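The file protein.txt comes next; it holds compact mmCIF, C-alpha atoms.
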```
# COMPACT_ATOMS: atom_id res chain seq x y z
CA MET E 234 -134.28 -50.96 -184.37
CA LEU E 235 -131.28 -53.30 -184.54
CA LYS E 236 -130.53 -52.94 -180.83
CA VAL E 237 -134.18 -53.67 -179.94
CA ARG E 238 -134.19 -56.77 -182.13
CA SER E 239 -130.90 -57.88 -180.65
CA ILE E 240 -132.28 -57.55 -177.11
CA LEU E 241 -135.46 -59.42 -178.06
CA PHE E 242 -133.43 -62.15 -179.77
CA LYS E 243 -131.23 -62.61 -176.70
CA ALA E 244 -134.25 -62.58 -174.39
CA SER E 245 -136.07 -65.20 -176.43
CA SER E 246 -132.92 -67.36 -176.54
CA PHE E 247 -132.52 -67.24 -172.78
CA THR E 248 -136.22 -68.02 -172.35
CA LEU E 249 -135.91 -71.07 -174.60
CA LEU E 250 -132.89 -72.36 -172.69
CA TYR E 251 -134.71 -71.79 -169.40
CA LEU E 252 -137.75 -73.73 -170.55
CA LEU E 253 -135.59 -76.57 -171.83
CA SER E 254 -133.76 -76.88 -168.53
CA PHE E 255 -136.64 -76.12 -166.14
CA ASN E 256 -137.41 -79.79 -165.43
CA SER E 257 -133.77 -80.95 -165.62
CA ILE E 258 -132.54 -82.95 -162.66
CA ALA E 259 -129.50 -84.73 -164.04
CA GLN E 260 -126.17 -82.96 -164.22
CA SER E 261 -125.42 -84.19 -167.73
CA THR E 262 -127.13 -85.20 -170.95
CA ASN E 263 -127.94 -88.55 -172.52
CA THR E 264 -126.54 -88.43 -176.06
CA ILE E 265 -127.79 -91.49 -177.90
CA PHE E 266 -126.46 -92.80 -181.21
CA LYS E 267 -128.45 -95.51 -183.01
CA GLY E 268 -127.85 -97.20 -186.34
CA LYS E 269 -128.23 -100.46 -188.24
CA THR E 270 -124.49 -100.90 -188.86
CA PRO E 271 -122.35 -101.40 -185.70
CA PHE E 272 -120.00 -98.50 -185.03
CA LYS E 273 -117.43 -97.00 -182.66
CA VAL E 274 -117.50 -93.38 -181.49
CA SER E 275 -114.55 -91.07 -180.78
CA ILE E 276 -115.04 -87.71 -179.08
CA ASN E 277 -112.46 -84.96 -179.52
CA ASN E 278 -110.11 -87.50 -181.10
CA THR E 279 -110.48 -89.97 -178.19
CA LEU E 280 -112.03 -93.42 -178.71
CA GLN E 281 -114.86 -93.97 -176.22
CA HIS E 282 -115.44 -97.75 -176.31
CA GLN E 283 -113.67 -100.89 -177.53
CA LYS E 284 -116.54 -102.97 -178.92
CA TYR E 285 -118.70 -102.04 -181.90
CA THR E 286 -122.34 -101.29 -181.10
CA ASN E 287 -125.42 -99.93 -182.83
CA ASN E 288 -127.03 -98.46 -179.72
CA LEU E 289 -124.85 -96.12 -177.64
CA ASN E 290 -125.60 -93.64 -174.87
CA ILE E 291 -122.82 -91.20 -173.93
CA SER E 292 -123.21 -88.82 -170.99
CA LEU E 293 -122.00 -85.36 -172.03
CA TYR E 294 -122.20 -81.90 -170.50
CA GLY E 295 -124.36 -79.19 -172.03
CA GLU E 296 -123.44 -75.83 -173.55
CA GLN E 297 -120.36 -77.32 -175.22
CA TYR E 298 -119.11 -78.33 -178.65
CA TYR E 299 -117.88 -81.88 -179.24
CA ASN E 300 -116.09 -83.27 -182.27
CA ILE E 301 -117.66 -86.64 -183.06
CA LYS E 302 -116.00 -89.29 -185.24
CA ILE E 303 -117.84 -92.51 -186.12
CA GLU E 304 -116.16 -95.57 -187.61
CA PHE E 305 -118.10 -98.62 -188.81
CA GLU E 306 -117.52 -102.34 -188.50
CA ASN E 307 -116.54 -104.00 -191.82
CA ASP E 308 -116.71 -100.68 -193.65
CA THR E 309 -114.09 -98.01 -194.37
CA THR E 310 -116.56 -95.11 -194.03
CA ILE E 311 -115.64 -92.49 -191.42
CA LEU E 312 -118.04 -89.72 -190.40
CA GLN E 313 -116.78 -86.67 -188.54
CA LYS E 314 -118.30 -83.32 -187.52
CA ASN E 315 -118.93 -81.04 -184.54
CA ILE E 316 -122.14 -81.18 -182.52
CA TYR E 317 -123.38 -78.69 -179.94
CA ILE E 318 -125.14 -79.87 -176.80
CA ILE E 319 -127.62 -77.18 -175.78
CA ASP E 320 -128.34 -77.96 -172.15
CA ASN E 321 -128.09 -80.57 -169.40
CA GLY E 322 -131.02 -82.72 -168.32
CA LEU E 323 -132.00 -83.61 -171.88
CA ALA E 324 -131.71 -86.69 -174.10
CA TYR E 325 -130.40 -86.16 -177.65
CA PHE E 326 -131.13 -88.85 -180.24
CA PHE E 327 -128.83 -89.15 -183.27
CA GLU E 328 -129.62 -91.47 -186.17
CA VAL E 329 -126.44 -93.04 -187.58
CA THR E 330 -126.17 -94.22 -191.18
CA LEU E 331 -123.20 -94.84 -193.45
CA LYS E 332 -123.82 -91.41 -194.99
CA ASP E 333 -124.29 -89.20 -191.93
CA PHE E 334 -125.42 -88.95 -188.32
CA LYS E 335 -128.25 -86.50 -187.68
CA LEU E 336 -130.10 -85.22 -184.63
CA LYS E 337 -133.65 -86.60 -184.77
CA LYS E 338 -135.20 -85.42 -181.51
CA ILE E 339 -134.59 -84.00 -178.04
CA THR E 340 -136.55 -85.06 -174.96
CA PRO E 341 -136.21 -84.57 -171.18
CA ASN E 342 -134.04 -87.20 -169.49
CA GLN E 343 -137.04 -88.28 -167.42
CA LEU E 344 -138.78 -89.57 -170.55
CA LEU E 345 -135.86 -91.76 -171.60
CA GLU E 346 -136.88 -95.43 -171.72
CA LYS E 347 -134.50 -98.13 -170.48
CA GLU E 348 -133.12 -100.49 -173.11
CA GLU E 349 -131.35 -103.77 -172.42
CA ASN E 350 -129.02 -103.59 -175.43
CA LEU E 351 -127.97 -99.99 -174.78
CA LEU E 352 -124.23 -99.45 -174.19
CA ALA E 353 -123.97 -96.59 -171.68
CA ILE E 354 -120.71 -94.70 -171.02
CA THR E 355 -119.66 -91.35 -169.58
CA TYR E 356 -117.34 -89.00 -171.44
CA THR E 357 -114.50 -87.86 -169.18
CA GLY E 358 -112.24 -86.22 -171.74
CA LYS E 359 -109.53 -88.77 -170.99
CA LYS E 360 -108.02 -91.38 -173.30
CA LEU E 361 -109.59 -94.84 -173.29
CA ILE E 362 -107.23 -97.29 -171.53
CA VAL E 363 -106.94 -100.76 -173.06
CA GLU E 364 -107.74 -103.37 -170.39
CA ASN E 365 -104.47 -105.33 -170.63
CA MET E 366 -102.17 -102.31 -170.73
CA LEU E 367 -100.04 -101.79 -167.62
CA ALA E 368 -100.69 -98.46 -165.92
CA ASP E 369 -97.02 -97.76 -165.27
CA THR E 370 -96.27 -97.89 -169.00
CA LEU E 371 -98.77 -95.17 -169.89
CA GLN E 372 -97.46 -91.73 -170.82
CA GLU E 373 -99.75 -88.78 -171.25
CA ASP E 374 -99.48 -87.16 -174.66
CA THR E 375 -99.74 -83.40 -174.22
CA THR E 376 -99.20 -82.59 -177.90
CA TYR E 377 -102.31 -81.13 -179.51
CA THR E 378 -103.54 -83.19 -182.44
CA PRO E 379 -106.41 -81.80 -184.57
CA PRO E 380 -109.43 -84.14 -184.36
CA PHE E 381 -109.67 -84.57 -188.13
CA ASP E 382 -108.25 -87.18 -190.49
CA SER E 383 -107.34 -84.43 -192.96
CA TYR E 384 -107.40 -80.66 -192.57
CA TYR E 385 -106.03 -77.39 -193.93
CA GLU E 386 -102.61 -76.52 -192.54
CA LEU E 387 -102.46 -72.79 -191.91
CA GLU E 388 -98.94 -71.43 -192.15
CA ASP E 389 -97.37 -70.30 -188.85
CA TYR E 390 -100.40 -71.50 -186.86
CA ASN E 391 -100.10 -74.24 -184.23
CA GLY E 392 -103.28 -73.57 -182.25
CA ILE E 393 -106.60 -75.37 -181.98
CA ILE E 394 -108.71 -75.83 -185.10
CA THR E 395 -112.45 -76.41 -184.85
CA CYS E 396 -113.22 -77.47 -188.42
CA PRO E 397 -111.08 -79.02 -191.18
CA TRP E 398 -111.44 -76.95 -194.37
CA PRO E 399 -112.02 -73.14 -194.45
CA ILE E 400 -114.19 -71.69 -197.22
CA LYS E 401 -112.60 -70.91 -200.57
CA PRO E 402 -112.08 -67.35 -201.94
CA GLU E 403 -115.12 -67.65 -204.21
CA GLU E 404 -117.31 -68.61 -201.23
CA LEU E 405 -115.97 -65.64 -199.27
CA ALA E 406 -116.78 -63.41 -202.25
CA GLU E 407 -120.35 -64.74 -202.18
CA LEU E 408 -120.72 -63.77 -198.51
CA LYS E 409 -119.35 -60.31 -199.26
CA GLY E 410 -121.85 -59.96 -202.08
CA ILE E 411 -124.71 -60.76 -199.73
CA LEU E 412 -123.60 -58.07 -197.28
CA ASN E 413 -122.97 -55.47 -199.97
CA SER E 414 -126.41 -56.05 -201.50
CA GLN E 415 -128.23 -54.90 -198.34
CA PRO E 416 -128.66 -51.22 -197.43
CA ILE E 417 -128.68 -51.40 -193.62
CA ASP E 418 -126.99 -53.47 -190.91
CA ASP E 419 -130.25 -55.06 -189.81
CA SER E 420 -130.93 -56.67 -193.17
CA LYS E 421 -127.21 -57.46 -193.70
CA PHE E 422 -127.15 -59.60 -190.58
CA GLU E 423 -130.45 -61.32 -191.33
CA LYS E 424 -129.35 -62.25 -194.85
CA ILE E 425 -125.90 -63.49 -193.85
CA LYS E 426 -127.36 -65.48 -190.95
CA GLU E 427 -129.87 -67.08 -193.29
CA ARG E 428 -127.10 -68.01 -195.72
CA VAL E 429 -124.90 -69.54 -193.00
CA LEU E 430 -127.73 -71.53 -191.45
CA ASP E 431 -128.74 -72.89 -194.85
CA SER E 432 -125.26 -74.33 -195.44
CA ASP E 433 -124.44 -77.81 -194.10
CA SER E 434 -121.50 -76.42 -192.15
CA LEU E 435 -119.36 -73.31 -192.28
CA CYS E 436 -115.62 -73.23 -191.66
CA ILE E 437 -114.01 -69.81 -191.86
CA MET E 438 -110.65 -68.32 -190.91
CA VAL E 439 -110.17 -65.25 -188.73
CA SER E 440 -108.59 -63.42 -191.68
CA GLN E 441 -111.75 -64.07 -193.73
CA VAL E 442 -114.01 -62.88 -190.91
CA ALA E 443 -111.88 -59.74 -190.72
CA GLU E 444 -112.88 -59.01 -194.33
CA LEU E 445 -116.59 -59.40 -193.60
CA ILE E 446 -116.92 -57.42 -190.35
CA PRO E 447 -116.06 -53.97 -191.87
CA LEU E 448 -119.00 -54.40 -194.27
CA PHE E 449 -121.26 -53.67 -191.28
CA GLN E 450 -121.55 -50.02 -190.27
CA TYR E 451 -122.12 -50.10 -186.52
CA GLU E 452 -120.01 -51.62 -183.74
CA ASP E 453 -122.89 -53.44 -182.07
CA THR E 454 -123.84 -55.19 -185.33
CA LYS E 455 -120.23 -56.11 -185.99
CA LEU E 456 -120.07 -57.75 -182.56
CA ILE E 457 -123.40 -59.55 -183.02
CA PHE E 458 -122.17 -60.96 -186.32
CA ALA E 459 -118.79 -61.96 -184.86
CA LYS E 460 -120.47 -63.81 -181.98
CA PHE E 461 -122.76 -65.58 -184.42
CA ILE E 462 -119.92 -66.72 -186.68
CA LEU E 463 -117.48 -67.52 -183.83
CA PRO E 464 -118.30 -71.26 -183.44
CA SER E 465 -117.45 -71.73 -187.15
CA ILE E 466 -114.00 -70.12 -186.97
CA PHE E 467 -111.18 -72.43 -188.06
CA ASP E 468 -108.25 -70.83 -186.18
CA MET E 469 -109.81 -70.00 -182.82
CA ASP E 470 -106.48 -68.97 -181.26
CA ASN E 471 -106.21 -66.10 -183.75
CA ILE E 472 -109.27 -64.27 -182.38
CA GLY E 473 -107.08 -61.47 -181.04
CA LYS E 474 -106.27 -60.45 -184.61
CA LEU E 475 -109.83 -59.13 -184.98
CA GLU E 476 -108.95 -56.12 -182.81
CA THR E 477 -108.09 -54.16 -185.95
CA VAL E 478 -111.71 -54.29 -187.20
CA PHE E 479 -113.38 -53.21 -183.96
CA GLU E 480 -113.49 -49.72 -182.54
CA PHE E 481 -113.68 -50.78 -178.88
CA GLU E 482 -111.25 -53.10 -177.12
CA ASN E 483 -113.96 -54.73 -175.00
CA SER E 484 -115.59 -56.09 -178.17
CA VAL E 485 -112.62 -58.38 -178.79
CA ASP E 486 -112.46 -59.20 -175.07
CA GLU E 487 -116.03 -60.53 -175.28
CA LEU E 488 -115.10 -62.69 -178.26
CA LYS E 489 -112.03 -64.04 -176.46
CA GLU E 490 -114.14 -65.12 -173.48
CA ILE E 491 -116.58 -67.00 -175.73
CA ALA E 492 -113.70 -68.54 -177.68
CA LYS E 493 -112.13 -69.71 -174.42
CA LYS E 494 -115.31 -71.65 -173.55
CA ILE E 495 -115.47 -73.23 -176.99
CA LYS E 496 -111.79 -74.22 -176.84
CA SER E 497 -112.14 -75.74 -173.37
CA SER E 498 -114.86 -78.04 -174.68
CA ILE E 499 -112.66 -79.52 -177.41
CA GLU E 500 -109.19 -79.52 -175.84
```

Starting from the file, lay out its structure as structure tokens.
Amino acid sequence: MLKVRSILFKASSFTLLYLLSFNSIAQSTNTIFKGKTPFKVSINNTLQHQKYTNNLNISLYGEQYYNIKIEFENDTTILQKNIYIIDNGLAYFFEVTLKDFKLKKITPNQLLEKEENLLAITYTGKKLIVENMLADTLQEDTTYTPPFDSYYELEDYNGIITCPWPIKPEELAELKGILNSQPIDDSKFEKIKERVLDSDSLCIMVSQVAELIPLFQYEDTKLIFAKFILPSIFDMDNIGKLETVFEFENSVDELKEIAKKIKSSIE
């Protein structure tokens, strides 16, 4: 039953992505941020434009995670979180307020209307160069800096982090309780997925995931759960430590490949 549902779930997901991208012509997305208060946007800890604006269009590539930080003019508020761009050829509209920035709608690029006051830029992954700075004085900084103003510092870990604050022990206990309350893997996964999706955002360490995975009985369910939770893992470079909770080596290999794609989008 679980395997059948898993196959149907994957098939429906691929069908959705196919339908979304069927009419796509452009090689990137239009990611539009609009708000009443002028703002600046940084992506993966890199400032994208010098002047404040309240209407910004950034070209991004689909199937990637981006860490977005928004700072406002004449206000100390800073908003920061990860967004996931589903597919190319689409326009994503985010509403920006002093409290949050939220995805409001997605349309094909072809339906995007031209606006005179729209600031349009393309994200290259490179640092923004100040106009008056001499090129020969620039030095590339290869040191990894987490894209968060404050974050949990995990002892003996110097790798990439994808979210700032992992869940607390009591929150982990709640997730364990959900899994232990269900009799079969099928219902365990459905309940835990529902709980995660209902939360604003989940940030969880590999060591915490390693405590949840053994609460599933079968290897295929363990892997399905691990893939589902993977984008929320704090210490992505510790994925290899999950090998102790899987029976087959190729299960962890699959996770490492997915983690590599996620990491490449935020490095």

Each residue of region 281-399 of chain E with at least one atom at most 8 Å from region 468-492 of chain E should appear once, together with its nearest atom pair and the corresponding distance in Å (one decimal); atoms considered: all atoms listed in the file; ordering: chain, then increasing residue number; output as CSV.
```
residue,atom,partner,partner_atom,distance
E:Tyr390,CA,E:Asp468,CA,7.9
E:Gly392,CA,E:Asp470,CA,5.7
E:Ile393,CA,E:Met469,CA,6.3
E:Ile394,CA,E:Asp468,CA,5.1
E:Thr395,CA,E:Asp468,CA,7.1
```

For the selection just defined, write its residues with C-alpha atoms to a file, as a PDB file, in the coordinates of the input.
```
ATOM      1  CA  TYR E 390    -100.400 -71.500-186.860  1.00  0.00           C
ATOM      2  CA  GLY E 392    -103.280 -73.570-182.250  1.00  0.00           C
ATOM      3  CA  ILE E 393    -106.600 -75.370-181.980  1.00  0.00           C
ATOM      4  CA  ILE E 394    -108.710 -75.830-185.100  1.00  0.00           C
ATOM      5  CA  THR E 395    -112.450 -76.410-184.850  1.00  0.00           C
TER       6      THR E 395
END
```

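Between Asn277 (chain E) and the candidates E:Glu423, E:Asp431, E:Asp382, E:Glu388, the tightest atom-to-atom separation, counting only C-alpha atoms, involves E:Asp382.
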
Worksheet item: Which residues come within 7 Å of Ile339 (chain E), counting only C-alpha atoms, excluding same-chain residues fewer than 3 positions away, as an MDAnalysis selection string?
Response: chainID E and resid 323:326

Discussion item. I want to know what sits within 8 Å of region 290-299 of chain E, based on all atoms listed in the file, with residues of the same chain fewer than 2 positions away left out; could you give that as a ChimeraX atom specification?
Written reply: /E:260-266,276-277,288,301,315-321,351-356,494-495,498-499

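With distances restricted to all atoms listed in the file, E:Leu412 is the closest residue to Phe458 (chain E) from E:Cys436, E:Leu344, E:Leu387, E:Leu412.
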
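Nearest residue to Lys337 (chain E), choosing from E:Glu404, E:Lys267, E:Pro397, E:Ile311 and counting all atoms listed in the file: E:Lys267.
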
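Using all atoms listed in the file for every distance, the candidate list E:Thr270, E:Lys335, E:Ser497, E:Thr279 yields E:Thr279 as the residue closest to Thr378 (chain E).
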
Centre and edges of the region 430-439 of chain E box, axis-aligned, 5 Å extra per side, as AutoDock Vina command-line options:
```
--center_x -119.5 --center_y -71.5 --center_z -192.1 --size_x 28.6 --size_y 22.6 --size_z 16.7
```
